[in-house]
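Chemist: Take a look at query_32.csv, CSV, C-alpha atoms and all ligand atoms:
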chain,number,residue,atom,x,y,z
N,1,MET,CA,38.6,-4.3,12.2
N,2,LYS,CA,35.0,-4.6,11.2
N,3,LYS,CA,34.3,-5.4,7.6
N,4,VAL,CA,31.9,-2.8,6.1
N,5,GLY,CA,29.9,-3.3,2.9
N,6,PHE,CA,27.1,-1.6,1.0
N,7,PHE,CA,24.4,-2.6,-1.4
N,8,GLY,CA,22.9,0.3,-3.4
N,9,GLY,CA,19.8,0.6,-5.5
N,10,LYS,CA,16.7,2.4,-6.5
N,11,PHE,CA,14.4,-0.3,-5.3
N,12,LEU,CA,11.7,0.9,-7.7
N,13,PRO,CA,10.1,-1.3,-6.6
N,14,LEU,CA,11.7,-3.5,-4.0
N,15,HIS,CA,11.5,-7.1,-5.1
N,16,GLN,CA,12.6,-10.6,-3.8
N,17,GLY,CA,15.8,-10.4,-5.8
N,18,HIS,CA,16.8,-7.4,-3.7
N,19,VAL,CA,15.7,-9.2,-0.5
N,20,TYR,CA,17.9,-12.2,-1.4
N,21,SER,CA,20.9,-10.0,-2.2
N,22,ILE,CA,20.5,-7.9,1.0
N,23,ILE,CA,20.3,-11.1,3.2
N,24,LYS,CA,23.2,-12.8,1.4
N,25,ALA,CA,25.4,-9.6,1.6
N,26,SER,CA,24.5,-9.3,5.3
N,27,THR,CA,26.1,-12.6,6.0
N,28,MET,CA,29.4,-11.6,4.3
N,29,VAL,CA,30.3,-8.5,6.2
N,30,ASP,CA,30.1,-7.3,9.8
N,31,GLU,CA,28.1,-4.2,8.9
N,32,LEU,CA,26.0,-3.8,5.8
N,33,TYR,CA,24.6,-0.5,4.6
N,34,VAL,CA,21.6,-0.7,2.3
N,35,VAL,CA,21.7,2.6,0.3
N,36,LEU,CA,18.6,3.9,-1.4
N,37,SER,CA,19.5,6.3,-4.2
N,38,HIS,CA,16.7,8.5,-5.2
N,39,SER,CA,16.0,11.4,-7.4
N,40,GLU,CA,12.5,12.7,-8.1
N,41,LYS,CA,13.4,13.4,-11.8
N,42,ARG,CA,15.0,10.0,-12.4
N,43,ASP,CA,12.3,8.0,-10.6
N,44,GLN,CA,9.6,9.9,-12.6
N,45,GLU,CA,11.5,9.2,-15.9
N,46,LEU,CA,11.8,5.5,-15.1
N,47,CYS,CA,8.2,5.1,-14.4
N,48,ALA,CA,6.9,7.3,-17.3
N,49,GLY,CA,4.9,5.3,-19.7
N,50,SER,CA,5.3,2.2,-17.6
N,51,SER,CA,2.8,0.2,-15.6
N,52,LEU,CA,4.1,1.5,-12.3
N,53,SER,CA,3.6,5.0,-10.9
N,54,SER,CA,6.7,6.5,-9.2
N,55,ILE,CA,7.0,5.5,-5.6
N,56,PRO,CA,7.9,8.2,-3.1
N,57,CYS,CA,11.3,7.7,-1.5
N,58,HIS,CA,9.9,7.6,2.1
N,59,ILE,CA,7.8,4.6,1.1
N,60,ARG,CA,10.8,2.7,-0.3
N,61,LEU,CA,12.8,3.7,2.8
N,62,ARG,CA,9.9,2.4,5.0
N,63,TRP,CA,10.0,-1.0,3.1
N,64,LEU,CA,13.7,-1.4,3.5
N,65,SER,CA,13.6,-0.4,7.2
N,66,GLN,CA,10.8,-2.8,7.9
N,67,LEU,CA,12.5,-5.6,5.9
N,68,THR,CA,15.8,-5.2,7.8
N,69,LYS,CA,14.4,-4.3,11.3
N,70,GLU,CA,15.6,-7.5,12.8
N,71,MET,CA,18.9,-7.7,11.0
N,72,ASP,CA,21.2,-6.3,13.6
N,73,ASN,CA,24.1,-5.7,11.3
N,74,VAL,CA,22.1,-3.9,8.6
N,75,LYS,CA,21.5,-0.2,8.4
N,76,VAL,CA,19.4,1.6,5.8
N,77,VAL,CA,20.5,5.0,4.5
N,78,GLU,CA,19.3,7.2,1.7
N,79,VAL,CA,21.0,9.6,-0.7
N,80,GLU,CA,19.3,12.1,-2.9
N,81,ASP,CA,20.4,13.7,-6.1
N,82,GLN,CA,18.6,15.7,-8.8
N,83,GLU,CA,19.7,13.9,-11.9
N,84,GLY,CA,17.8,12.1,-14.5
N,85,ASN,CA,18.2,8.5,-15.7
N,86,ASP,CA,20.7,9.3,-18.5
N,87,ASP,CA,22.8,11.8,-16.7
N,88,TYR,CA,23.3,10.1,-13.3
N,89,ASN,CA,26.6,11.2,-11.9
N,90,TRP,CA,28.2,8.1,-10.4
N,91,LYS,CA,31.2,10.1,-9.0
N,92,GLU,CA,29.0,12.6,-7.1
N,93,GLY,CA,26.8,9.7,-6.0
N,94,SER,CA,29.7,7.9,-4.6
N,95,LEU,CA,30.8,10.9,-2.5
N,96,LYS,CA,27.3,11.1,-1.1
N,97,ILE,CA,27.3,7.4,-0.3
N,98,ARG,CA,30.6,7.7,1.4
N,99,GLU,CA,29.3,10.6,3.5
N,100,ALA,CA,26.1,8.7,4.4
N,101,ILE,CA,28.1,5.6,5.5
N,102,GLY,CA,30.9,7.6,7.2
N,103,ARG,CA,33.1,4.5,7.4
N,104,LYS,CA,35.8,2.9,5.3
N,105,ILE,CA,34.1,0.7,2.7
N,106,ASP,CA,35.5,-2.8,2.3
N,107,VAL,CA,32.9,-4.3,0.0
N,108,VAL,CA,30.5,-3.1,-2.7
N,109,PHE,CA,27.8,-5.6,-3.5
N,110,SER,CA,25.7,-5.7,-6.6
N,111,SER,CA,24.5,-8.3,-9.1
N,112,GLU,CA,25.7,-6.4,-12.2
N,113,ILE,CA,29.1,-7.3,-13.7
N,114,GLU,CA,28.8,-4.0,-15.8
N,115,TYR,CA,29.2,-2.0,-12.6
N,116,ALA,CA,32.7,-3.5,-12.0
N,117,PRO,CA,34.8,-0.8,-13.8
N,118,THR,CA,32.8,2.0,-12.2
N,119,PHE,CA,33.1,0.5,-8.7
N,120,LYS,CA,36.8,-0.1,-9.2
N,121,GLU,CA,37.3,3.5,-10.0
N,122,LEU,CA,35.0,5.0,-7.3
N,123,TYR,CA,35.9,2.5,-4.5
N,124,PRO,CA,39.5,1.4,-5.2
N,125,GLU,CA,39.9,0.3,-1.6
N,126,ALA,CA,36.9,-2.0,-1.8
N,127,LYS,CA,36.2,-5.4,-3.3
N,128,HIS,CA,33.2,-5.7,-5.7
N,129,ILE,CA,31.2,-8.9,-4.8
N,130,LEU,CA,28.6,-10.1,-7.3
N,131,ILE,CA,25.5,-11.8,-5.9
N,132,ASP,CA,23.5,-14.0,-8.2
N,133,GLU,CA,24.8,-12.3,-11.3
N,134,ASN,CA,22.6,-14.5,-13.5
N,135,ARG,CA,19.5,-14.0,-11.4
N,136,GLU,CA,19.1,-17.7,-11.0
N,137,GLN,CA,17.9,-17.6,-7.4
N,138,VAL,CA,15.3,-14.9,-8.1
N,139,PRO,CA,14.7,-14.4,-11.8
N,140,ILE,CA,13.2,-10.9,-11.7
N,141,SER,CA,14.2,-7.3,-12.3
N,142,ALA,CA,12.6,-4.0,-11.3
N,143,THR,CA,12.6,-3.1,-15.1
N,144,LYS,CA,10.3,-6.1,-15.8
N,145,ILE,CA,8.0,-5.1,-12.9
N,146,ARG,CA,7.8,-1.5,-14.1
N,147,GLU,CA,6.9,-2.8,-17.6
N,148,LYS,CA,4.1,-5.1,-16.7
N,149,GLY,CA,3.1,-3.9,-13.2
N,150,VAL,CA,3.4,-5.3,-9.8
N,151,PHE,CA,0.4,-7.6,-10.1
N,152,ALA,CA,2.0,-9.5,-13.0
N,153,TYR,CA,4.8,-10.4,-10.6
N,154,TRP,CA,3.0,-10.5,-7.3
N,155,GLY,CA,4.9,-13.5,-6.0
N,156,TYR,CA,8.1,-11.4,-6.3
N,157,ILE,CA,6.8,-8.5,-4.3
N,158,PRO,CA,8.0,-8.7,-0.6
N,159,GLU,CA,5.3,-8.8,2.1
N,160,VAL,CA,6.5,-5.5,3.5
N,161,ALA,CA,5.8,-3.8,0.1
N,162,LYS,CA,2.5,-5.4,-0.8
N,163,PRO,CA,0.2,-3.3,1.3
N,164,TYR,CA,1.2,-0.2,-0.6
N,165,PHE,CA,-0.1,-1.7,-3.9
N,166,ILE,CA,-3.4,-3.2,-2.6
N,167,LYS,CA,-6.4,-1.8,-4.3
N,168,LYS,CA,-9.0,-0.7,-1.7
N,169,VAL,CA,-12.7,-1.0,-2.6
N,170,VAL,CA,-15.2,0.4,-0.1
N,171,ILE,CA,-18.8,-0.5,0.0
N,172,LEU,CA,-21.2,2.3,1.2
N,173,GLY,CA,-24.8,2.7,1.8
N,174,THR,CA,-27.5,3.1,4.5
N,175,GLU,CA,-29.1,0.3,6.5
N,176,SER,CA,-30.2,-2.9,4.8
N,177,CYS,CA,-28.9,-2.4,1.3
N,178,GLY,CA,-26.9,-5.6,1.1
N,179,LYS,CA,-23.4,-4.2,2.0
N,180,SER,CA,-22.2,-6.9,4.3
N,181,THR,CA,-23.2,-9.7,2.0
N,182,LEU,CA,-21.8,-8.0,-1.1
N,183,THR,CA,-18.5,-7.2,0.7
N,184,ARG,CA,-18.1,-10.8,1.8
N,185,ASN,CA,-19.1,-12.2,-1.6
N,186,LEU,CA,-16.7,-10.0,-3.5
N,187,ALA,CA,-13.8,-11.0,-1.1
N,188,LEU,CA,-14.6,-14.7,-1.8
N,189,ILE,CA,-14.8,-14.1,-5.5
N,190,TYR,CA,-11.5,-12.3,-5.6
N,191,ASN,CA,-9.9,-14.7,-3.1
N,192,THR,CA,-8.9,-12.1,-0.7
N,193,THR,CA,-9.7,-10.5,2.7
N,194,TYR,CA,-12.4,-8.1,3.7
N,195,VAL,CA,-13.4,-5.8,6.6
N,196,LYS,CA,-16.7,-6.1,8.3
N,197,GLU,CA,-18.5,-3.0,9.5
N,198,TYR,CA,-16.8,-2.4,12.9
N,199,GLY,CA,-19.6,-0.1,14.0
N,200,ARG,CA,-22.0,-3.0,13.8
N,201,GLU,CA,-19.7,-5.3,15.9
N,202,TYR,CA,-19.4,-2.4,18.4
N,203,CYS,CA,-23.2,-2.0,18.7
N,204,GLU,CA,-23.6,-5.8,19.1
N,205,MET,CA,-21.1,-5.6,21.9
N,206,LEU,CA,-23.2,-2.8,23.5
N,207,GLY,CA,-26.4,-4.8,23.1
N,208,GLY,CA,-27.9,-2.2,20.8
N,209,CYS,CA,-27.4,1.2,19.3
N,210,ASP,CA,-30.3,3.6,19.3
N,211,GLY,CA,-30.6,5.5,22.5
N,212,ILE,CA,-27.5,4.0,24.2
N,213,ILE,CA,-24.6,4.9,21.9
N,214,LEU,CA,-22.5,7.8,23.2
N,215,GLU,CA,-20.8,10.6,21.3
N,216,GLU,CA,-17.4,9.2,22.4
N,217,ASP,CA,-18.2,5.8,20.9
N,218,TYR,CA,-17.9,7.1,17.3
N,219,PRO,CA,-14.2,7.9,17.2
N,220,MET,CA,-13.5,4.5,18.7
N,221,ILE,CA,-15.6,2.9,16.0
N,222,ALA,CA,-13.8,4.9,13.3
N,223,TYR,CA,-10.3,4.0,14.8
N,224,GLY,CA,-11.3,0.4,15.4
N,225,HIS,CA,-12.5,0.1,11.8
N,226,LYS,CA,-9.1,1.6,10.6
N,227,LEU,CA,-7.2,-1.0,12.6
N,228,LYS,CA,-9.2,-3.8,11.0
N,229,GLU,CA,-8.6,-2.3,7.6
N,230,TYR,CA,-4.9,-2.3,8.3
N,231,GLU,CA,-5.0,-5.9,9.2
N,232,ALA,CA,-7.0,-6.9,6.2
N,233,ILE,CA,-4.7,-5.0,3.8
N,234,ARG,CA,-1.7,-6.7,5.3
N,235,ASN,CA,-3.2,-10.1,4.4
N,236,ALA,CA,-4.9,-9.2,1.2
N,237,ASN,CA,-4.4,-10.7,-2.2
N,238,LYS,CA,-4.1,-7.7,-4.6
N,239,ILE,CA,-7.5,-6.2,-3.6
N,240,VAL,CA,-9.4,-5.7,-0.4
N,241,PHE,CA,-13.1,-5.1,0.3
N,242,ILE,CA,-14.2,-2.8,3.1
N,243,ASP,CA,-17.7,-2.4,4.4
N,244,THR,CA,-18.2,1.3,5.3
N,245,GLU,CA,-15.8,4.0,6.4
N,246,ALA,CA,-15.5,7.2,8.5
N,247,VAL,CA,-18.1,9.2,6.6
N,248,VAL,CA,-20.7,6.6,7.3
N,249,THR,CA,-19.7,6.7,11.0
N,250,GLN,CA,-20.3,10.5,10.8
N,251,PHE,CA,-23.7,9.8,9.3
N,252,TYR,CA,-24.6,7.6,12.3
N,253,SER,CA,-23.2,10.2,14.8
N,254,GLU,CA,-25.6,12.7,13.2
N,255,LEU,CA,-28.5,10.3,13.0
N,256,TYR,CA,-28.4,8.8,16.6
N,257,ASN,CA,-26.6,11.6,18.5
N,258,GLN,CA,-27.3,14.7,16.4
N,259,LYS,CA,-23.6,15.5,16.5
N,260,HIS,CA,-21.3,16.3,13.6
N,261,GLN,CA,-17.8,15.4,14.8
N,262,THR,CA,-14.6,17.1,13.5
N,263,VAL,CA,-12.5,14.1,14.4
N,264,LEU,CA,-14.5,11.9,12.0
N,265,ASP,CA,-14.1,14.5,9.2
N,266,GLU,CA,-10.4,14.4,9.9
N,267,ILE,CA,-10.3,10.6,9.6
N,268,ALA,CA,-12.3,10.8,6.4
N,269,GLN,CA,-9.8,13.3,5.0
N,270,ILE,CA,-6.8,10.9,5.4
N,271,GLN,CA,-8.4,7.7,4.1
N,272,LYS,CA,-7.9,6.8,0.5
N,273,TYR,CA,-9.9,4.3,-1.5
N,274,ASP,CA,-9.5,3.2,-5.1
N,275,LEU,CA,-13.1,2.6,-5.7
N,276,CYS,CA,-16.3,3.4,-3.7
N,277,LEU,CA,-19.4,1.4,-4.5
N,278,TYR,CA,-22.6,3.1,-3.2
N,279,LEU,CA,-25.6,0.7,-2.7
N,280,GLU,CA,-29.0,2.3,-3.2
N,281,PRO,CA,-31.6,1.3,-0.6
N,282,ASP,CA,-33.9,-0.2,-3.3
N,283,VAL,CA,-33.9,-3.7,-1.9
N,284,LYS,CA,-36.3,-4.9,0.7
N,285,TRP,CA,-35.5,-3.6,4.2
N,286,VAL,CA,-34.7,-6.5,6.5
N,287,ASP,CA,-35.1,-6.3,10.3
N,288,ASP,CA,-32.0,-7.9,11.8
N,289,GLY,CA,-32.6,-6.7,15.4
N,290,LEU,CA,-30.2,-3.7,15.2
N,291,ARG,CA,-31.8,-1.7,12.4
N,292,VAL,CA,-34.4,0.9,13.2
N,293,HIS,CA,-34.9,3.0,10.0
N,294,GLY,CA,-37.1,0.8,7.8
N,295,ASP,CA,-39.8,3.4,7.0
N,296,LYS,CA,-39.7,4.2,3.2
N,297,LYS,CA,-39.5,8.0,3.7
N,298,VAL,CA,-36.9,7.6,6.5
N,299,ARG,CA,-34.8,5.3,4.2
N,300,GLU,CA,-35.0,7.9,1.4
N,301,ASP,CA,-34.0,10.8,3.7
N,302,ASN,CA,-31.1,8.8,5.2
N,303,ASN,CA,-29.9,7.9,1.7
N,304,HIS,CA,-30.1,11.5,0.7
N,305,ARG,CA,-28.1,12.7,3.8
N,306,LEU,CA,-25.4,10.1,3.4
N,307,LYS,CA,-24.8,11.0,-0.2
N,308,GLU,CA,-24.7,14.6,0.8
N,309,LEU,CA,-22.1,13.9,3.5
N,310,LEU,CA,-20.0,11.9,1.0
N,311,LYS,CA,-20.0,14.8,-1.4
N,312,GLU,CA,-19.1,17.2,1.3
N,313,ASN,CA,-16.1,15.0,2.0
N,314,GLY,CA,-15.1,14.9,-1.6
N,315,VAL,CA,-15.8,11.1,-1.9
N,316,LYS,CA,-16.5,10.1,-5.4
N,317,PHE,CA,-18.7,7.0,-5.6
N,318,VAL,CA,-20.5,4.8,-8.2
N,319,SER,CA,-24.1,4.3,-7.4
N,320,ILE,CA,-25.4,0.7,-7.7
N,321,GLY,CA,-29.0,-0.4,-7.4
N,322,GLY,CA,-31.3,-3.2,-8.5
N,323,THR,CA,-31.7,-6.8,-7.4
N,324,TYR,CA,-29.0,-8.6,-5.4
N,325,GLN,CA,-27.9,-10.3,-8.6
N,326,GLU,CA,-27.7,-7.0,-10.5
N,327,ARG,CA,-25.6,-5.5,-7.7
N,328,LEU,CA,-23.1,-8.3,-7.7
N,329,GLU,CA,-22.9,-8.3,-11.5
N,330,LYS,CA,-22.4,-4.5,-11.7
N,331,SER,CA,-19.8,-4.6,-9.0
N,332,VAL,CA,-17.8,-7.3,-10.6
N,333,GLU,CA,-18.0,-5.5,-14.0
N,334,LEU,CA,-16.8,-2.2,-12.4
N,335,ILE,CA,-14.0,-3.8,-10.5
N,336,GLY,CA,-12.8,-5.6,-13.7
N,337,ARG,CA,-12.9,-2.3,-15.6
N,338,THR,CA,-11.3,-0.2,-12.9
N,339,PHE,CA,-8.5,-2.7,-12.1
N,340,LYS,CA,-7.6,-4.4,-15.4
N,341,GLU,CA,-4.2,-5.4,-14.1
N,342,ILE,CA,-5.6,-7.6,-11.3
D,1,LIG,N1,27.2,6.2,-7.1
D,1,LIG,C1,27.5,5.0,-6.6
D,1,LIG,O1,28.6,4.8,-6.2
D,1,LIG,C2,26.4,4.0,-6.6
D,1,LIG,C3,26.7,2.7,-6.1
D,1,LIG,C4,25.7,1.8,-6.1
D,1,LIG,C5,24.4,2.1,-6.4
D,1,LIG,N2,24.2,3.4,-6.8
D,1,LIG,C6,22.8,3.7,-7.2
D,1,LIG,O2,22.0,2.5,-7.3
D,1,LIG,C7,21.7,2.3,-8.6
D,1,LIG,C8,22.2,0.9,-8.9
D,1,LIG,O3,21.3,-0.1,-8.8
D,1,LIG,P1,20.2,-0.5,-9.9
D,1,LIG,O4,20.0,0.7,-10.8
D,1,LIG,O5,20.7,-1.7,-10.5
D,1,LIG,O6,19.1,-0.5,-8.9
D,1,LIG,P2,18.0,-1.6,-8.6
D,1,LIG,O7,17.2,-1.1,-7.5
D,1,LIG,O8,17.4,-2.1,-9.8
D,1,LIG,O9,18.9,-2.9,-8.0
D,1,LIG,C9,19.7,-2.7,-6.9
D,1,LIG,C10,20.7,-3.9,-6.8
D,1,LIG,O10,20.0,-5.1,-6.8
D,1,LIG,C11,20.6,-6.0,-7.7
D,1,LIG,N3,19.5,-6.9,-8.2
D,1,LIG,C12,18.5,-6.5,-9.0
D,1,LIG,N4,17.7,-7.6,-9.3
D,1,LIG,C13,18.3,-8.7,-8.7
D,1,LIG,C14,17.9,-10.0,-8.6
D,1,LIG,N5,16.9,-10.6,-9.2
D,1,LIG,N6,18.7,-10.8,-7.8
D,1,LIG,C15,19.8,-10.3,-7.2
D,1,LIG,N7,20.2,-9.0,-7.2
D,1,LIG,C16,19.4,-8.2,-8.0
D,1,LIG,C17,21.1,-5.0,-8.8
D,1,LIG,O11,22.1,-5.6,-9.5
D,1,LIG,C18,21.6,-3.9,-8.0
D,1,LIG,O12,22.9,-4.2,-7.5
D,1,LIG,C19,22.4,3.3,-9.5
D,1,LIG,O13,21.6,3.6,-10.6
D,1,LIG,C20,22.6,4.4,-8.6
D,1,LIG,O14,21.4,5.2,-8.5
D,1,LIG,C21,25.1,4.3,-6.9
Now that the file is in, can you turn its structure into structure tokens?

Modeler:
Amino acid sequence: MKKVGFFGGKFLPLHQGHVYSIIKASTMVDELYVVLSHSEKRDQELCAGSSLSSIPCHIRLRWLSQLTKEMDNVKVVEVEDQEGNDDYNWKEGSLKIREAIGRKIDVVFSSEIEYAPTFKELYPEAKHILIDENREQVPISATKIREKGVFAYWGYIPEVAKPYFIKKVVILGTESCGKSTLTRNLALIYNTTYVKEYGREYCEMLGGCDGIILEEDYPMIAYGHKLKEYEAIRNANKIVFIDTEAVVTQFYSELYNQKHQTVLDEIAQIQKYDLCLYLEPDVKWVDDGLRVHGDKKVREDNNHRLKELLKENGVKFVSIGGTYQERLEKSVELIGRTFKEI
């Protein structure tokens, strides 16, 4: 007979202590069920007034699934209830857990000795096995993380969960306003990753842009850019810097091909950034071989149209002008003010 066990929790948020317990438990039974217990009300209560906003259950489920995807004897299930933190009904919870597992339960894992009497009553047929009761292996708790925020305990946040918390800063603007340099410099200052403007790489690959770029190139630029963002976010250290996004791609589609594309609007609608820095074109225009809009009036018109497009898409941005030095200082100051916890 196969030995079946489960490890339950709220995973609000998932941390390395949970990871250790899940892995250890998986070596002690033939089949391990990781049970995510969630309740909108309880999760909101636990996070209220803390440094962590409540995390949707599907995100926590995604982390657990990703974490255990190569553990053949581990299955992730979820059970929902409507209770708050103080009136959680363990008995009803156990019935739901039994139903979700659908097998005889031989072992209940946890790291809490206080759960022993409850588990004895609810799962009389099962053994309660404690894993790292004193939290010596991984000295952390979800309560501590909620108190001080994930960035205070970044080393305890599993790689599968980190992307959810990464702060995304996008740098916007028209040609030759210092975006790529500022993006790279900020990434170096904050010791993290960044995303180059993929549209630029794409045009370099074409050998130019004006007159040869096709309508169908733009969605590829926008998707290609998103894939690069995804990569950079996966490898980022708390914050990531991104040079341009889908609204800027729309702007170029209008500029070079006189075409407003619905697909780019749709991409713009699903992207979410935590801070948008807009660089004004008040630094010298530099001809880099790809740029064609250096005339003062054209620069002003383009700047006006890009801002209009951003507003049409509901993008809120902070405008930054002045010398290169002032742009860097203002950006660093804004980032510090916006993300105090980093
Ligand atoms: N009704 C039931 O029968 C039943 C059974 C088990 C769990 N649950 C649900 O799960 C919750 C219990 O878990 P929790 O509130 O402790 O959730 P949690 O997400 O904080 O922790 C989940 C588990 O990880 C263990 N853990 C935490 N930090 C650890 C560390 N540093 N090292 C090793 N292990 C660590 C905890 O002891 C717990 O067993 C309950 O509130 C309930 O919602 C219900």

Chemist: Let me see if you get this right: every residue at most 6 Å from ligand LIG 1 (chain D), counting all atoms listed in the file, written as a list in words.

Modeler: Gly8, Gly9, Lys10, Phe11, Leu12, Gly17, His18, Ser21, Ser37, Trp90, Lys91, Gly93, Ser94, Ser110, Ser111, Glu112, Asp132, Arg135, Val138, Pro139, Ile140, Ser141 and Ala142 of chain N

Chemist: Restricting the output to C-alpha atoms, write the selected residues as a PDB file, in the frame of the given file.

Modeler:
ATOM      1  CA  GLY N   8      22.900   0.300  -3.400  1.00  0.00           C
ATOM      2  CA  GLY N   9      19.800   0.600  -5.500  1.00  0.00           C
ATOM      3  CA  LYS N  10      16.700   2.400  -6.500  1.00  0.00           C
ATOM      4  CA  PHE N  11      14.400  -0.300  -5.300  1.00  0.00           C
ATOM      5  CA  LEU N  12      11.700   0.900  -7.700  1.00  0.00           C
ATOM      6  CA  GLY N  17      15.800 -10.400  -5.800  1.00  0.00           C
ATOM      7  CA  HIS N  18      16.800  -7.400  -3.700  1.00  0.00           C
ATOM      8  CA  SER N  21      20.900 -10.000  -2.200  1.00  0.00           C
ATOM      9  CA  SER N  37      19.500   6.300  -4.200  1.00  0.00           C
ATOM     10  CA  TRP N  90      28.200   8.100 -10.400  1.00  0.00           C
ATOM     11  CA  LYS N  91      31.200  10.100  -9.000  1.00  0.00           C
ATOM     12  CA  GLY N  93      26.800   9.700  -6.000  1.00  0.00           C
ATOM     13  CA  SER N  94      29.700   7.900  -4.600  1.00  0.00           C
ATOM     14  CA  SER N 110      25.700  -5.700  -6.600  1.00  0.00           C
ATOM     15  CA  SER N 111      24.500  -8.300  -9.100  1.00  0.00           C
ATOM     16  CA  GLU N 112      25.700  -6.400 -12.200  1.00  0.00           C
ATOM     17  CA  ASP N 132      23.500 -14.000  -8.200  1.00  0.00           C
ATOM     18  CA  ARG N 135      19.500 -14.000 -11.400  1.00  0.00           C
ATOM     19  CA  VAL N 138      15.300 -14.900  -8.100  1.00  0.00           C
ATOM     20  CA  PRO N 139      14.700 -14.400 -11.800  1.00  0.00           C
ATOM     21  CA  ILE N 140      13.200 -10.900 -11.700  1.00  0.00           C
ATOM     22  CA  SER N 141      14.200  -7.300 -12.300  1.00  0.00           C
ATOM     23  CA  ALA N 142      12.600  -4.000 -11.300  1.00  0.00           C
TER      24      ALA N 142
END

Chemist: When you look at stretch 74-83 of chain N with a cut-off of 7 Å (counting only C-alpha atoms), what residues show up, excluding the ones that are within fewer than 3 positions of it in the same chain? I need them as a VMD selection string.

Modeler: chain N and resid 26 31 to 42 64 to 65 68 71 87 to 88 96 to 97 100

Chemist: Any idea what the distance is between atom CA of N:Gly178 and atom CA of N:Lys307?

Modeler: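 Spanning atom CA of N:Gly178 to atom CA of N:Lys307 is a straight-line distance of 16.8 Å.
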
Chemist: What's around N:Phe317 at 10 Å? Count all atoms listed in the file, leave out sequence neighbours fewer than 4 positions away in its own chain, and write the answer as a ChimeraX atom specification.

Modeler: /N:170-172,274-279,307,310-311

Chemist: Show which residues sit within 7 Å of N:Ser180, as a ChimeraX atom specification. Count all atoms listed in the file, and ignore same-chain residues fewer than 2 positions away.

Modeler: /N:178,182-184,196,243

Chemist: Kindly provide the residues of stretch 49-164 of chain N that approach stretch 227-236 of chain N to within 9 Å, each paired with its closest atom pair and their distance in Å to one decimal, based on all atoms listed in the file, listed by chain and increasing number, as CSV.

Modeler:
residue,atom,partner,partner_atom,distance
N:Glu159,CA,N:Arg234,CA,8.0
N:Val160,CA,N:Arg234,CA,8.5
N:Lys162,CA,N:Arg234,CA,7.5
N:Pro163,CA,N:Arg234,CA,5.6
N:Tyr164,CA,N:Ile233,CA,8.8

Chemist: Atom CA of N:Ala246 and atom CA of N:Asp217 are how many Å apart?

Modeler: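 Between atom CA of N:Ala246 and atom CA of N:Asp217 the gap is 12.8 Å.
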
Chemist: Interatomic distance between atom CA of N:Val108 and atom CA of N:Arg62?

Modeler: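 One can read the atom CA of N:Val108 to atom CA of N:Arg62 distance as 22.7 Å.
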
Chemist: Could you check the closest approach to N:Trp154 for each of N:Gln66, N:Ser51, N:Gln16, N:Gln137 and tell me which residue wins, using only C-alpha atoms?

Modeler: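 Looking only at the distances to N:Trp154, the closest residue turns out to be N:Gln16.
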